[in-house]
file coords-v3.txt (compact mmCIF, C-alpha atoms)
# COMPACT_ATOMS: atom_id res chain seq x y z
CA MET V 9 37.76 -106.42 -131.27
CA THR V 10 39.84 -105.74 -128.15
CA THR V 11 40.84 -108.57 -125.83
CA ALA V 12 42.37 -108.28 -122.37
CA VAL V 13 45.62 -110.26 -122.20
CA ARG V 14 47.96 -111.22 -119.37
CA VAL V 15 51.56 -111.91 -120.34
CA PRO V 16 53.92 -113.74 -117.96
CA VAL V 17 57.27 -112.01 -117.46
CA ASP V 18 59.93 -112.27 -114.76
CA HIS V 19 57.72 -114.53 -112.61
CA GLN V 20 55.00 -111.86 -112.77
CA VAL V 21 52.14 -110.96 -115.10
CA LEU V 22 51.67 -107.82 -117.18
CA ASP V 23 48.22 -106.65 -118.26
CA GLY V 24 47.45 -105.49 -121.77
CA ASP V 25 44.81 -104.83 -124.41
CA LEU V 26 45.14 -106.59 -127.77
CA ALA V 27 43.08 -105.26 -130.68
CA LEU V 28 42.98 -107.24 -133.92
CA PRO V 29 40.96 -105.82 -136.81
CA ALA V 30 39.62 -108.33 -139.32
CA ALA V 31 42.42 -109.45 -141.65
CA ALA V 32 44.99 -107.37 -139.77
CA ARG V 33 48.01 -106.63 -141.96
CA GLY V 34 50.46 -106.19 -139.11
CA LEU V 35 50.59 -105.39 -135.41
CA VAL V 36 52.06 -102.47 -133.46
CA LEU V 37 53.33 -102.97 -129.90
CA PHE V 38 53.35 -99.78 -127.82
CA ALA V 39 56.20 -98.88 -125.48
CA HIS V 40 55.02 -96.32 -122.95
CA GLY V 41 57.45 -94.11 -121.11
CA SER V 42 57.85 -91.44 -118.45
CA GLY V 43 55.45 -92.95 -115.96
CA SER V 44 52.70 -93.68 -118.49
CA SER V 45 50.67 -96.86 -119.02
CA ARG V 46 48.47 -98.58 -121.56
CA ARG V 47 45.71 -96.12 -120.65
CA SER V 48 47.71 -93.15 -121.95
CA PRO V 49 45.18 -91.04 -123.90
CA ARG V 50 47.81 -90.07 -126.46
CA ASN V 51 48.81 -93.65 -127.21
CA GLN V 52 45.16 -94.69 -127.18
CA PHE V 53 44.49 -92.02 -129.81
CA VAL V 54 47.32 -93.28 -132.03
CA ALA V 55 46.24 -96.90 -131.52
CA ARG V 56 42.71 -96.17 -132.72
CA ALA V 57 44.13 -94.49 -135.83
CA LEU V 58 46.30 -97.53 -136.58
CA GLU V 59 43.38 -99.90 -136.08
CA ALA V 60 41.32 -97.84 -138.54
CA ARG V 61 44.05 -98.57 -141.08
CA GLY V 62 43.75 -102.33 -140.51
CA LEU V 63 46.68 -102.73 -138.13
CA GLY V 64 46.48 -104.62 -134.85
CA THR V 65 47.72 -103.02 -131.64
CA LEU V 66 48.96 -104.23 -128.28
CA LEU V 67 48.98 -101.68 -125.48
CA ILE V 68 50.47 -103.26 -122.40
CA ASP V 69 51.79 -102.04 -119.07
CA LEU V 70 55.53 -102.64 -118.96
CA LEU V 71 55.54 -102.34 -115.15
CA THR V 72 53.49 -104.30 -112.63
CA PRO V 73 51.19 -102.34 -110.27
CA ARG V 74 53.76 -102.72 -107.48
CA GLU V 75 56.55 -101.46 -109.74
CA GLU V 76 54.39 -98.55 -110.87
CA ALA V 77 53.87 -97.57 -107.23
CA VAL V 78 57.64 -97.57 -106.71
CA ASP V 79 58.18 -95.59 -109.90
CA ASP V 80 55.58 -93.00 -108.88
CA ARG V 81 57.66 -92.33 -105.77
CA THR V 82 61.16 -92.51 -107.26
CA GLY V 83 60.83 -92.03 -111.04
CA GLN V 84 63.65 -94.53 -111.51
CA LEU V 85 62.08 -97.45 -113.35
CA ARG V 86 60.86 -95.31 -116.25
CA PHE V 87 64.53 -94.70 -117.06
CA ASP V 88 65.56 -98.35 -116.66
CA ILE V 89 65.88 -98.93 -120.40
CA GLY V 90 67.31 -102.41 -119.93
CA LEU V 91 64.26 -103.48 -117.93
CA LEU V 92 61.75 -101.90 -120.33
CA ALA V 93 63.48 -103.25 -123.44
CA GLY V 94 63.68 -106.72 -121.92
CA ARG V 95 59.95 -106.70 -121.33
CA LEU V 96 59.29 -105.52 -124.87
CA VAL V 97 61.37 -108.44 -126.13
CA THR V 98 59.24 -110.77 -124.01
CA MET V 99 56.12 -109.29 -125.63
CA ILE V 100 57.58 -109.71 -129.11
CA ASP V 101 58.35 -113.37 -128.41
CA TRP V 102 54.91 -113.87 -126.84
CA LEU V 103 53.20 -112.47 -129.94
CA ALA V 104 55.25 -114.85 -132.09
CA ASP V 105 53.89 -117.78 -130.05
CA GLN V 106 50.20 -116.81 -130.23
CA PRO V 107 48.19 -118.41 -133.08
CA SER V 108 46.29 -115.16 -133.72
CA THR V 109 49.41 -113.02 -134.12
CA SER V 110 52.28 -115.34 -135.08
CA SER V 111 51.98 -114.54 -138.79
CA LEU V 112 51.90 -110.75 -138.34
CA ARG V 113 54.89 -108.49 -138.75
CA ILE V 114 55.56 -106.41 -135.68
CA GLY V 115 56.11 -102.68 -135.39
CA LEU V 116 57.10 -100.82 -132.23
CA PHE V 117 55.71 -97.42 -131.25
CA GLY V 118 57.69 -95.83 -128.45
CA ALA V 119 56.93 -92.60 -126.57
CA SER V 120 59.38 -90.61 -124.45
CA THR V 121 61.72 -93.06 -122.68
CA GLY V 122 59.78 -95.85 -124.39
CA GLY V 123 61.37 -94.69 -127.65
CA GLY V 124 64.80 -95.69 -126.35
CA ALA V 125 63.47 -99.02 -125.07
CA ALA V 126 61.80 -99.75 -128.41
CA LEU V 127 65.08 -99.25 -130.27
CA VAL V 128 66.96 -101.56 -127.90
CA ALA V 129 64.26 -104.21 -128.35
CA ALA V 130 64.45 -103.82 -132.13
CA ALA V 131 68.21 -104.36 -131.98
CA ARG V 132 67.65 -107.59 -130.03
CA ARG V 133 65.00 -108.92 -132.44
CA PRO V 134 66.21 -107.62 -135.83
CA SER V 135 64.29 -110.11 -137.97
CA ARG V 136 61.04 -109.84 -136.03
CA VAL V 137 60.65 -106.06 -135.70
CA ALA V 138 59.77 -104.63 -139.10
CA ALA V 139 59.58 -100.95 -138.16
CA VAL V 140 59.93 -98.53 -135.25
CA VAL V 141 58.22 -95.18 -134.69
CA SER V 142 59.24 -92.90 -131.81
CA ARG V 143 57.01 -90.01 -130.60
CA GLY V 144 58.86 -87.39 -128.63
CA GLY V 145 61.26 -90.18 -127.83
CA ARG V 146 64.66 -90.47 -126.23
CA PRO V 147 66.62 -92.58 -128.73
CA ASP V 148 69.80 -91.41 -127.04
CA LEU V 149 68.89 -93.69 -124.13
CA ALA V 150 69.38 -96.71 -126.41
CA GLY V 151 73.14 -96.15 -126.21
CA ALA V 152 75.31 -98.57 -128.19
CA ALA V 153 72.23 -100.46 -129.42
CA LEU V 154 71.54 -97.62 -131.88
CA GLY V 155 74.19 -98.92 -134.24
CA ARG V 156 72.57 -102.37 -134.27
CA VAL V 157 69.04 -101.26 -135.18
CA ALA V 158 68.25 -102.73 -138.59
CA SER V 159 64.52 -101.89 -138.55
CA PRO V 160 63.39 -98.83 -140.53
CA THR V 161 62.85 -96.08 -137.97
CA LEU V 162 60.80 -92.87 -137.93
CA LEU V 163 61.54 -90.29 -135.25
CA ILE V 164 58.71 -87.78 -134.66
CA VAL V 165 59.42 -84.72 -132.55
CA GLY V 166 57.50 -81.53 -131.81
CA GLY V 167 58.85 -78.38 -133.42
CA ARG V 168 58.89 -76.59 -130.06
CA ASP V 169 60.54 -79.49 -128.22
CA THR V 170 64.01 -78.10 -128.85
CA PRO V 171 66.09 -80.26 -126.46
CA VAL V 172 64.50 -83.48 -127.74
CA ILE V 173 65.03 -82.44 -131.37
CA ALA V 174 68.75 -82.15 -130.61
CA MET V 175 68.78 -85.55 -128.86
CA ASN V 176 67.10 -87.20 -131.85
CA GLN V 177 69.43 -85.56 -134.35
CA GLU V 178 72.44 -86.71 -132.34
CA ALA V 179 71.07 -90.26 -132.14
CA MET V 180 70.55 -90.39 -135.91
CA GLY V 181 74.27 -89.98 -136.37
CA HIS V 182 74.84 -93.30 -134.60
CA MET V 183 72.22 -95.27 -136.54
CA ARG V 184 73.30 -97.27 -139.57
CA GLY V 185 69.88 -98.41 -140.75
CA GLU V 186 67.09 -96.46 -142.45
CA VAL V 187 66.07 -93.57 -140.20
CA ALA V 188 64.07 -90.40 -140.78
CA LEU V 189 63.16 -87.42 -138.60
CA GLU V 190 59.77 -85.69 -138.85
CA ILE V 191 59.31 -82.44 -136.96
CA VAL V 192 55.69 -81.46 -136.30
CA PRO V 193 55.44 -77.65 -136.44
CA GLY V 194 54.07 -75.94 -133.34
CA ALA V 195 54.05 -79.07 -131.19
CA THR V 196 55.54 -79.31 -127.71
CA HIS V 197 56.72 -82.53 -126.06
CA LEU V 198 53.27 -84.00 -125.37
CA PHE V 199 51.70 -82.91 -128.69
CA GLU V 200 48.83 -81.23 -126.87
CA GLU V 201 48.35 -78.48 -129.45
CA PRO V 202 45.34 -78.79 -131.81
CA GLY V 203 45.99 -81.13 -134.72
CA THR V 204 49.51 -82.13 -133.68
CA LEU V 205 48.67 -85.55 -132.28
CA GLN V 206 46.52 -86.21 -135.34
CA ARG V 207 49.61 -85.51 -137.45
CA VAL V 208 51.62 -87.99 -135.36
CA ALA V 209 48.95 -90.63 -135.94
CA GLU V 210 48.95 -90.00 -139.68
CA LEU V 211 52.74 -90.20 -139.94
CA ALA V 212 52.88 -93.38 -137.87
CA ALA V 213 50.03 -95.03 -139.78
CA ASP V 214 51.63 -94.29 -143.15
CA PHE V 215 55.02 -95.57 -141.98
CA PHE V 216 53.68 -98.78 -140.47
CA ASP V 217 51.19 -99.36 -143.29
CA GLU V 218 54.01 -99.53 -145.83
CA ARG V 219 56.41 -101.63 -143.79
CA LEU V 220 54.20 -104.14 -142.02
CA ALA V 221 52.30 -105.35 -145.08
CA ALA V 222 55.20 -107.41 -146.45
CA PRO V 223 55.40 -111.14 -145.55
CA PRO V 224 57.38 -111.93 -142.38
CA ALA V 225 60.99 -113.00 -142.67
CA PRO V 226 61.59 -116.68 -141.96
CA ASN V 227 63.28 -117.91 -138.78
CA PRO V 228 63.41 -114.65 -136.76
CA SER V 229 66.79 -114.33 -135.10
CA LYS V 230 67.25 -113.61 -131.43
CA THR V 231 70.06 -111.51 -130.04
CA TYR V 232 70.50 -111.29 -126.30
call {"tool": "encode", "arguments": {"input": "coords-v3.txt", "output": "structure tokens"}}
result
Amino acid sequence: MTTAVRVPVDHQVLDGDLALPAAARGLVLFAHGSGSSRRSPRNQFVARALEARGLGTLLIDLLTPREEAVDDRTGQLRFDIGLLAGRLVTMIDWLADQPSTSSLRIGLFGASTGGGAALVAAARRPSRVAAVVSRGGRPDLAGAALGRVASPTLLIVGGRDTPVIAMNQEAMGHMRGEVALEIVPGATHLFEEPGTLQRVAELAADFFDERLAAPPAPNPSKTY
């Protein structure tokens, strides 16, 4: 069942779609990047795969319609990792306050620049975020926060996305927690080649399935 939600943030409201399968064993919050939104067909595809595995999903626009209009013209806000990460943190806290999701462990799925924002958010909520998956992400944009990420992290990159492979390998050297890199053969940055996005969904589902099923840690800490 998918429910439209509106989450207050920065004196504004962000629109999202919350899907909670019966007896959900965890919930994955999506961090879109590079001018995308909750309607991204690639993230929608991955979300449906996660829901089929009994995981809840929250796809939410991290920018307001007015901000999206500005970003369409300038392309600046999609690279404002501080802004995007701050909004993800707001979503994480909001989920912790909702009766239907407060008991669920949270995973973050970040794409492109959203991968960097997801890692910064995980560093700020180390006890609440149980796992992070990045698809074609830019973990390098997380900067100094990389060394503070305690959540198990899976970096997925296309085998033909050579510059992003190098960025992810470099970022791994700065991460102290559990981190793994999966390279999908034949895939370019958007995973448009046959079967490549399906492979992303399988890898993400397996990773989240294992790490979100455990009981939540008590008294989640907050780091600002």
call {"tool": "axis_aligned_box", "arguments": {"input": "coords-v3.txt", "around": "region 102-121 of chain V", "padding_each_side": "3 Å", "output": "JSON"}}
result
{"center_x": 54.0, "center_y": -104.5, "center_z": -130.7, "size_x": 21.4, "size_y": 33.8, "size_z": 22.1}
call {"tool": "closest_residue", "arguments": {"input": "coords-v3.txt", "among": "V:Pro107, V:Thr204, V:Thr10, V:Ala125", "to": "Arg56 (chain V)", "atoms": "all atoms listed in the file"}}
result
V:Thr10
call {"tool": "closest_residue", "arguments": {"input": "coords-v3.txt", "among": "V:Leu71, V:Ala30, V:Gly115, V:Leu63", "to": "Arg46 (chain V)", "atoms": "all atoms listed in the file"}}
result
V:Leu71
call {"tool": "closest_residue", "arguments": {"input": "coords-v3.txt", "among": "V:Phe216, V:Phe87, V:Trp102, V:Phe53", "to": "Val141 (chain V)", "atoms": "all atoms listed in the file"}}
result
V:Phe216
call {"tool": "residues_around", "arguments": {"input": "coords-v3.txt", "residues": "region 117-120 of chain V", "least_positions_apart": "3", "cutoff": "9 Å", "atoms": "only C-alpha atoms", "output": "list of chain:residue names"}}
result
V:Val36, V:Leu37, V:Phe38, V:Ala39, V:His40, V:Gly41, V:Ser42, V:Asn51, V:Gly123, V:Gly124, V:Ala125, V:Ala126, V:Leu127, V:Ala139, V:Val140, V:Val141, V:Ser142, V:Arg143, V:Gly144, V:Gly145, V:Arg146, V:Pro147, V:His197, V:Ala212
call {"tool": "residues_around", "arguments": {"input": "coords-v3.txt", "residues": "Ile68 (chain V)", "least_positions_apart": "6", "cutoff": "10 Å", "atoms": "all atoms listed in the file", "output": "JSON, numbers by chain"}}
result
{"V": [12, 13, 14, 15, 22, 23, 24, 25, 26, 37, 38, 39, 40, 45, 46, 47, 96, 99]}
call {"tool": "atom_distance", "arguments": {"input": "coords-v3.txt", "atom1": "CA of Leu149 (chain V)", "atom2": "CA of Met180 (chain V)"}}
result
12.3 Å
call {"tool": "atom_distance", "arguments": {"input": "coords-v3.txt", "atom1": "CA of Gly167 (chain V)", "atom2": "CA of Glu200 (chain V)"}}
result
12.3 Å
call {"tool": "atom_distance", "arguments": {"input": "coords-v3.txt", "atom1": "CA of Arg86 (chain V)", "atom2": "CA of Arg168 (chain V)"}}
result
23.3 Å
call {"tool": "closest_residue", "arguments": {"input": "coords-v3.txt", "among": "V:Val54, V:Ile164, V:Pro171, V:Pro202", "to": "Glu190 (chain V)", "atoms": "all atoms listed in the file"}}
result
V:Ile164
call {"tool": "closest_residue", "arguments": {"input": "coords-v3.txt", "among": "V:Leu91, V:Asp148, V:Met183, V:Glu178", "to": "Thr161 (chain V)", "atoms": "only C-alpha atoms"}}
result
V:Met183
